[in-house]
>>> print(open('data_34.pdb').read())   # PDB, C-alpha atoms
ATOM      1  CA  MET A   1      32.006 -54.135  36.127  1.00  0.00           C
ATOM      2  CA  TRP A   2      35.210 -52.158  36.207  1.00  0.00           C
ATOM      3  CA  PRO A   3      36.533 -50.849  39.486  1.00  0.00           C
ATOM      4  CA  GLY A   4      35.543 -47.232  40.165  1.00  0.00           C
ATOM      5  CA  ILE A   5      33.389 -46.803  37.084  1.00  0.00           C
ATOM      6  CA  SER A   6      30.033 -47.392  38.782  1.00  0.00           C
ATOM      7  CA  ALA A   7      30.079 -43.875  40.275  1.00  0.00           C
ATOM      8  CA  MET A   8      30.035 -42.461  36.770  1.00  0.00           C
ATOM      9  CA  LEU A   9      27.082 -44.516  35.604  1.00  0.00           C
ATOM     10  CA  LEU A  10      23.613 -43.096  35.580  1.00  0.00           C
ATOM     11  CA  ASN A  11      22.788 -41.826  39.056  1.00  0.00           C
ATOM     12  CA  LEU A  12      19.254 -41.610  40.388  1.00  0.00           C
ATOM     13  CA  GLU A  13      18.798 -37.880  39.826  1.00  0.00           C
ATOM     14  CA  PHE A  14      19.592 -38.143  36.140  1.00  0.00           C
ATOM     15  CA  TYR A  15      17.613 -41.350  35.735  1.00  0.00           C
ATOM     16  CA  LEU A  16      14.580 -39.557  37.151  1.00  0.00           C
ATOM     17  CA  GLY A  17      15.141 -36.680  34.726  1.00  0.00           C
ATOM     18  CA  ILE A  18      15.177 -39.023  31.748  1.00  0.00           C
ATOM     19  CA  THR A  19      12.086 -40.856  33.008  1.00  0.00           C
ATOM     20  CA  PHE A  20      10.271 -37.557  33.581  1.00  0.00           C
ATOM     21  CA  ILE A  21      10.953 -36.341  30.035  1.00  0.00           C
ATOM     22  CA  LYS A  22       9.826 -39.649  28.530  1.00  0.00           C
ATOM     23  CA  GLY A  23       6.613 -39.426  30.565  1.00  0.00           C
ATOM     24  CA  LYS A  24       6.006 -35.893  29.354  1.00  0.00           C
ATOM     25  CA  ARG A  25       6.445 -37.044  25.740  1.00  0.00           C
ATOM     26  CA  SER A  26       3.727 -39.651  26.279  1.00  0.00           C
ATOM     27  CA  GLU A  27       1.432 -36.993  27.736  1.00  0.00           C
ATOM     28  CA  TRP A  28       2.268 -34.662  24.850  1.00  0.00           C
ATOM     29  CA  ILE A  29       1.318 -37.306  22.290  1.00  0.00           C
ATOM     30  CA  SER A  30      -2.062 -37.654  24.021  1.00  0.00           C
ATOM     31  CA  ILE A  31      -2.550 -33.880  23.884  1.00  0.00           C
ATOM     32  CA  LEU A  32      -1.712 -33.797  20.171  1.00  0.00           C
ATOM     33  CA  GLU A  33      -4.170 -36.612  19.516  1.00  0.00           C
ATOM     34  CA  ALA A  34      -6.879 -34.653  21.365  1.00  0.00           C
ATOM     35  CA  LYS A  35      -6.023 -31.553  19.303  1.00  0.00           C
ATOM     36  CA  ASN A  36      -6.364 -33.549  16.092  1.00  0.00           C
ATOM     37  CA  ARG A  37      -9.746 -34.916  17.230  1.00  0.00           C
ATOM     38  CA  ILE A  38     -10.917 -31.372  17.967  1.00  0.00           C
ATOM     39  CA  LEU A  39      -9.806 -30.207  14.522  1.00  0.00           C
ATOM     40  CA  GLU A  40     -11.564 -33.167  12.880  1.00  0.00           C
ATOM     41  CA  ASP A  41     -14.748 -32.429  14.838  1.00  0.00           C
ATOM     42  CA  CYS A  42     -14.630 -28.758  13.872  1.00  0.00           C
ATOM     43  CA  SER A  43     -14.191 -29.705  10.235  1.00  0.00           C
ATOM     44  CA  HIS A  44     -16.984 -32.268  10.437  1.00  0.00           C
ATOM     45  CA  PHE A  45     -19.445 -29.796  11.972  1.00  0.00           C
ATOM     46  CA  GLY A  46     -18.329 -26.836   9.851  1.00  0.00           C
ATOM     47  CA  ILE A  47     -17.116 -24.870  12.849  1.00  0.00           C
ATOM     48  CA  LYS A  48     -14.155 -22.526  12.685  1.00  0.00           C
ATOM     49  CA  GLU A  49     -11.056 -24.360  13.856  1.00  0.00           C
ATOM     50  CA  PRO A  50      -9.513 -22.986  17.031  1.00  0.00           C
ATOM     51  CA  SER A  51      -5.886 -21.907  17.081  1.00  0.00           C
ATOM     52  CA  PHE A  52      -3.374 -23.442  19.410  1.00  0.00           C
ATOM     53  CA  PRO A  53      -0.643 -20.798  19.634  1.00  0.00           C
ATOM     54  CA  LYS A  54       1.413 -22.443  22.379  1.00  0.00           C
ATOM     55  CA  LEU A  55       1.635 -25.914  20.839  1.00  0.00           C
ATOM     56  CA  GLU A  56       4.711 -25.186  18.721  1.00  0.00           C
ATOM     57  CA  GLU A  57       6.455 -23.546  21.671  1.00  0.00           C
ATOM     58  CA  VAL A  58       5.760 -26.524  23.931  1.00  0.00           C
ATOM     59  CA  GLU A  59       6.846 -28.976  21.207  1.00  0.00           C
ATOM     60  CA  ALA A  60      10.135 -27.090  20.725  1.00  0.00           C
ATOM     61  CA  ASP A  61      10.772 -26.988  24.469  1.00  0.00           C
ATOM     62  CA  LEU A  62      10.017 -30.673  24.906  1.00  0.00           C
ATOM     63  CA  SER A  63      12.247 -31.588  21.957  1.00  0.00           C
ATOM     64  CA  LYS A  64      15.082 -29.486  23.382  1.00  0.00           C
ATOM     65  CA  HIS A  65      14.853 -31.278  26.719  1.00  0.00           C
ATOM     66  CA  GLU A  66      14.592 -34.690  25.071  1.00  0.00           C
ATOM     67  CA  GLU A  67      17.751 -33.956  23.116  1.00  0.00           C
ATOM     68  CA  MET A  68      19.556 -32.742  26.223  1.00  0.00           C
ATOM     69  CA  TRP A  69      18.590 -35.753  28.358  1.00  0.00           C
ATOM     70  CA  GLY A  70      19.056 -38.087  25.409  1.00  0.00           C
ATOM     71  CA  LEU A  71      22.733 -37.115  25.365  1.00  0.00           C
ATOM     72  CA  PHE A  72      23.115 -38.222  28.950  1.00  0.00           C
ATOM     73  CA  GLU A  73      21.266 -41.446  28.286  1.00  0.00           C
ATOM     74  CA  GLU A  74      23.401 -42.173  25.210  1.00  0.00           C
ATOM     75  CA  PHE A  75      26.628 -41.444  27.115  1.00  0.00           C
ATOM     76  CA  ASN A  76      25.645 -43.749  29.954  1.00  0.00           C
ATOM     77  CA  LYS A  77      24.474 -46.529  27.659  1.00  0.00           C
ATOM     78  CA  SER A  78      27.819 -46.463  25.839  1.00  0.00           C
ATOM     79  CA  LEU A  79      29.689 -46.358  29.123  1.00  0.00           C
ATOM     80  CA  ARG A  80      27.598 -49.184  30.565  1.00  0.00           C
ATOM     81  CA  ASP A  81      28.214 -51.338  27.468  1.00  0.00           C
ATOM     82  CA  MET A  82      31.936 -50.746  27.817  1.00  0.00           C
ATOM     83  CA  SER A  83      31.919 -51.415  31.558  1.00  0.00           C
ATOM     84  CA  ASN A  84      30.163 -54.758  31.112  1.00  0.00           C
ATOM     85  CA  GLU A  85      33.325 -56.186  29.588  1.00  0.00           C
ATOM     86  CA  GLU A  86      35.494 -58.174  31.928  1.00  0.00           C
ATOM     87  CA  TRP A  87      38.172 -55.966  33.473  1.00  0.00           C
ATOM     88  CA  ILE A  88      40.916 -58.501  32.826  1.00  0.00           C
ATOM     89  CA  ILE A  89      40.181 -58.327  29.083  1.00  0.00           C
ATOM     90  CA  PHE A  90      39.470 -54.615  28.903  1.00  0.00           C
ATOM     91  CA  ARG A  91      42.539 -53.403  30.776  1.00  0.00           C
ATOM     92  CA  SER A  92      44.753 -54.271  27.809  1.00  0.00           C
ATOM     93  CA  LYS A  93      42.503 -52.097  25.651  1.00  0.00           C
ATOM     94  CA  ASN A  94      42.204 -49.056  27.894  1.00  0.00           C
ATOM     95  CA  TYR A  95      42.892 -46.834  24.885  1.00  0.00           C
ATOM     96  CA  ARG A  96      39.246 -47.494  23.936  1.00  0.00           C
ATOM     97  CA  PHE A  97      38.115 -45.779  27.129  1.00  0.00           C
ATOM     98  CA  GLU A  98      40.432 -42.847  26.454  1.00  0.00           C
ATOM     99  CA  GLU A  99      39.082 -42.570  22.896  1.00  0.00           C
ATOM    100  CA  PHE A 100      35.538 -42.756  24.238  1.00  0.00           C
ATOM    101  CA  LEU A 101      36.183 -39.893  26.660  1.00  0.00           C
ATOM    102  CA  ALA A 102      37.980 -37.830  24.008  1.00  0.00           C
ATOM    103  CA  SER A 103      35.212 -38.240  21.450  1.00  0.00           C
ATOM    104  CA  TRP A 104      32.531 -37.286  23.970  1.00  0.00           C
ATOM    105  CA  TYR A 105      34.574 -34.338  25.204  1.00  0.00           C
ATOM    106  CA  GLU A 106      34.912 -33.041  21.653  1.00  0.00           C
ATOM    107  CA  ARG A 107      31.237 -33.656  20.939  1.00  0.00           C
ATOM    108  CA  LEU A 108      30.115 -31.779  24.047  1.00  0.00           C
ATOM    109  CA  GLN A 109      32.561 -28.916  23.546  1.00  0.00           C
ATOM    110  CA  SER A 110      31.288 -28.368  20.017  1.00  0.00           C
ATOM    111  CA  SER A 111      27.626 -28.391  21.062  1.00  0.00           C
ATOM    112  CA  LYS A 112      25.625 -25.249  20.353  1.00  0.00           C
ATOM    113  CA  GLN A 113      25.038 -24.228  23.937  1.00  0.00           C
ATOM    114  CA  ALA A 114      25.948 -25.377  27.398  1.00  0.00           C
ATOM    115  CA  THR A 115      23.172 -27.087  29.322  1.00  0.00           C
ATOM    116  CA  THR A 116      23.054 -28.594  32.768  1.00  0.00           C
ATOM    117  CA  VAL A 117      23.584 -32.032  31.287  1.00  0.00           C
ATOM    118  CA  THR A 118      26.485 -31.080  29.001  1.00  0.00           C
ATOM    119  CA  VAL A 119      28.254 -29.310  31.860  1.00  0.00           C
ATOM    120  CA  ARG A 120      27.762 -32.342  34.110  1.00  0.00           C
ATOM    121  CA  LEU A 121      29.047 -34.732  31.443  1.00  0.00           C
ATOM    122  CA  LEU A 122      32.099 -32.536  30.805  1.00  0.00           C
ATOM    123  CA  GLN A 123      32.851 -32.558  34.543  1.00  0.00           C
ATOM    124  CA  GLU A 124      32.598 -36.339  34.649  1.00  0.00           C
ATOM    125  CA  ILE A 125      34.836 -36.690  31.607  1.00  0.00           C
ATOM    126  CA  GLU A 126      37.453 -34.368  33.122  1.00  0.00           C
ATOM    127  CA  ARG A 127      37.359 -36.352  36.344  1.00  0.00           C
ATOM    128  CA  TYR A 128      38.180 -39.586  34.510  1.00  0.00           C
ATOM    129  CA  LYS A 129      40.778 -38.254  32.083  1.00  0.00           C
TER     130      LYS A 129
END
>>> encode(input="data_34.pdb", output="structure tokens")
Amino acid sequence: MWPGISAMLLNLEFYLGITFIKGKRSEWISILEAKNRILEDCSHFGIKEPSFPKLEEVEADLSKHEEMWGLFEEFNKSLRDMSNEEWIIFRSKNYRFEEFLASWYERLQSSKQATTVTVRLLQEIERYK
């Protein structure tokens, strides 16, 4: 592990956020399966199918949060992979770290909207530039 880089790696608060969203996706899949069973039962018994007006809204919201937290997870996975290299070997290739930060900075700056996660990642990137 490189000196000083561990502070930038996934902290507990963000790890819990990622875990929470993944748990909610699992719950959401169960809800969708129950919805499909209800629709099949209605069809089977010739009953009018109920509408589920909030399902699309919840799906969109969950997807938005998965994308947002997925960015943080992807950033940290890439950073962790890089930090697992021996420092003695990596220090002669520190341009790779600079390129990594620059590419993520550009990616986050060009994102559609600022979120809590993108702002936090931009702050971390600025701190290490």
>>> resolve_selection(input="data_34.pdb", expression="the PyMOL selection byres ((chain A and resi 69-75) around 9)", output="compact mmCIF listing (two decimals) with C-alpha atoms, in the frame of the given file")
# COMPACT_ATOMS: atom_id res chain seq x y z
CA LEU A 10 23.61 -43.10 35.58
CA PHE A 14 19.59 -38.14 36.14
CA TYR A 15 17.61 -41.35 35.74
CA GLY A 17 15.14 -36.68 34.73
CA ILE A 18 15.18 -39.02 31.75
CA ILE A 21 10.95 -36.34 30.04
CA LYS A 64 15.08 -29.49 23.38
CA HIS A 65 14.85 -31.28 26.72
CA GLU A 66 14.59 -34.69 25.07
CA GLU A 67 17.75 -33.96 23.12
CA MET A 68 19.56 -32.74 26.22
CA ASN A 76 25.64 -43.75 29.95
CA LYS A 77 24.47 -46.53 27.66
CA SER A 78 27.82 -46.46 25.84
CA LEU A 79 29.69 -46.36 29.12
CA ARG A 80 27.60 -49.18 30.56
CA TRP A 104 32.53 -37.29 23.97
CA VAL A 117 23.58 -32.03 31.29
CA THR A 118 26.48 -31.08 29.00
CA LEU A 121 29.05 -34.73 31.44
>>> closest_residue(input="data_34.pdb", among="A:Glu106, A:Leu32, A:Leu12, A:Leu122", to="A:Glu56", atoms="all atoms listed in the file")
A:Leu32
>>> residues_around(input="data_34.pdb", residues="A:Phe97", least_positions_apart="3", cutoff="10 Å", atoms="only C-alpha atoms", output="list in words")
Leu79, Met82, Ser83, Phe90, Arg91, Lys93, Asn94, Phe100, Leu101, Ala102, Ser103, Tyr128 and Lys129 of chain A
>>> resolve_selection(input="data_34.pdb", expression="the PyMOL selection byres ((chain A and resi 52) around 12)", output="JSON, numbers by chain")
{"A": [31, 32, 34, 35, 36, 38, 39, 49, 50, 51, 53, 54, 55, 56, 57, 58, 59]}
>>> atom_distance(input="data_34.pdb", atom1="atom CA of A:Lys22", atom2="atom CA of A:Asp61")
13.3 Å
>>> atom_distance(input="data_34.pdb", atom1="atom CA of A:Gln123", atom2="atom CA of A:Tyr105")
9.7 Å
>>> atom_distance(input="data_34.pdb", atom1="atom CA of A:Arg25", atom2="atom CA of A:Ser63")
8.8 Å
